[in-house]
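Structure, as structure tokens:
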Amino acid sequence: MAQQTQRRTILIATATHAAGLLISKFLQPYLHSTTCLVYISGVDVLDALTRLDIDLIITDDWLSDMHAYDFGQAIKGAHPQLPVILLTTLATAKIQEGIQRGLFDGVLIKPLHVAEASNKAVTISA
């Protein structure tokens with residue numbers, strides 16, 4: 001009998017919907033049995049987490065309504081076991097503090113490399 005693969009859900013939080021769709025399209029070939037949801041508002045993500053079963057969050061350093069540091073605090077405060085990967089172009093002092101405080105389980109520096117991004121997503125969400 002064939003083993004059924006568990007479907008995973010990744011929530012992508014970015015400042016624009018277009019950026020989120022691009023990240024989703026970028027990851028889909030490497031993450032089989034995965035659904036990617038795109039949100040641009042940290043407040044909407046927090047609301048979605050009360051209704052949806054999310055396995056991993058990938059967040060840009062800025063959302064439409066908050067900085068990744070504040071977003072990471074809100075996520076880890078409500079869902080400490082939920083893995084969060086940060087996408088950033090520059091590891092500012094505030095981002096480094098967030099990493100040290102455990103607000104992010106992984107960090108990807110832009111521009112992204114396909115293998116690195118997919119490997120990190122698979123490893124952290126496993």
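Letters for chains follow the order of the structure tokens (A, B, ...), residue numbers begin at 1 for each chain, and ligand numbers begin at 1 in the order shown.
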Exercise for review: Name the residues in contact with Ser24 of chain A at a cut-off of 8 Å, using only C-alpha atoms, excluding same-chain residues fewer than 2 positions from it; report them as a PyMOL selection string.
Suggested key: chain A and resi 12+20-22+26-28+36-38
For the residues selected in the previous step, produce a file with C-alpha atoms as a PDB file, in the first residue's frame.
```pdb
ATOM      1  CA  ILE A  12       4.711  33.586   3.149  1.00  0.00           C
ATOM      2  CA  GLY A  20       4.933  36.656  -2.015  1.00  0.00           C
ATOM      3  CA  LEU A  21       3.742  35.008  -5.220  1.00  0.00           C
ATOM      4  CA  LEU A  22       7.270  35.143  -6.609  1.00  0.00           C
ATOM      5  CA  PHE A  26      10.255  29.917  -6.594  1.00  0.00           C
ATOM      6  CA  LEU A  27       9.766  27.281  -3.846  1.00  0.00           C
ATOM      7  CA  GLN A  28       6.964  25.126  -5.325  1.00  0.00           C
ATOM      8  CA  CYS A  36       1.962  28.203  -0.009  1.00  0.00           C
ATOM      9  CA  LEU A  37      -0.277  30.985   1.297  1.00  0.00           C
ATOM     10  CA  VAL A  38       0.668  34.647   0.808  1.00  0.00           C
TER      11      VAL A  38
END
```
**Study point:** Contact residues around segment 101-110 of chain A with only C-alpha atoms at 7 Å, ignoring same-chain residues under 3 positions, as an NGL selection string
**Key:** :A and (72-73 or 76 or 83-89 or 97-98 or 117)
Check your understanding: Counting only C-alpha atoms, what is within 8 Å of Leu63 of chain A, bar same-chain residues fewer than 2 positions away, as a PyMOL selection string?
Key -> chain A and resi 13-16+40-42+59-61+65-68
Exercise for review: Taking the DSSP assignment computed from this structure's backbone, write out as JSON, numbers by chain all residues of chain A that belong to strand (DSSP E or B).
Suggested key: {"A": [8, 9, 10, 11, 12, 13, 34, 35, 36, 37, 38, 39, 56, 57, 58, 59, 60, 62, 67, 84, 85, 86, 87, 88, 106, 107, 108, 109]}
Check your understanding: Could you pull out all residues of chain A with a DSSP call of alpha helix (DSSP H) and give them as a PyMOL selection string?
Key -> chain A and resi 17-27+42-49+68-78+93-100+114-125
Exercise for review: Considering only C-alpha atoms, return as number ranges by chain whatever protein or nucleic-acid residues lie within 10 Å of Asp53 of chain A, sequence-local ones (same chain, fewer than 4 positions apart) excluded.
Suggested key: A: 8-11, 48-49
**Study point:** Nearest candidate to Val45 of chain A (options A:Leu31, A:Ile23, A:Leu90, A:Ile75; using only C-alpha atoms)
**Key:** A:Ile75
Exercise for review: Would you please work out which residue, of A:Ser33, A:Ser64, A:Leu46, A:Ile95, is nearest to Gln6 of chain A when using only C-alpha atoms?
Suggested key: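 For Gln6 of chain A, the nearest of the candidates is A:Ser33.
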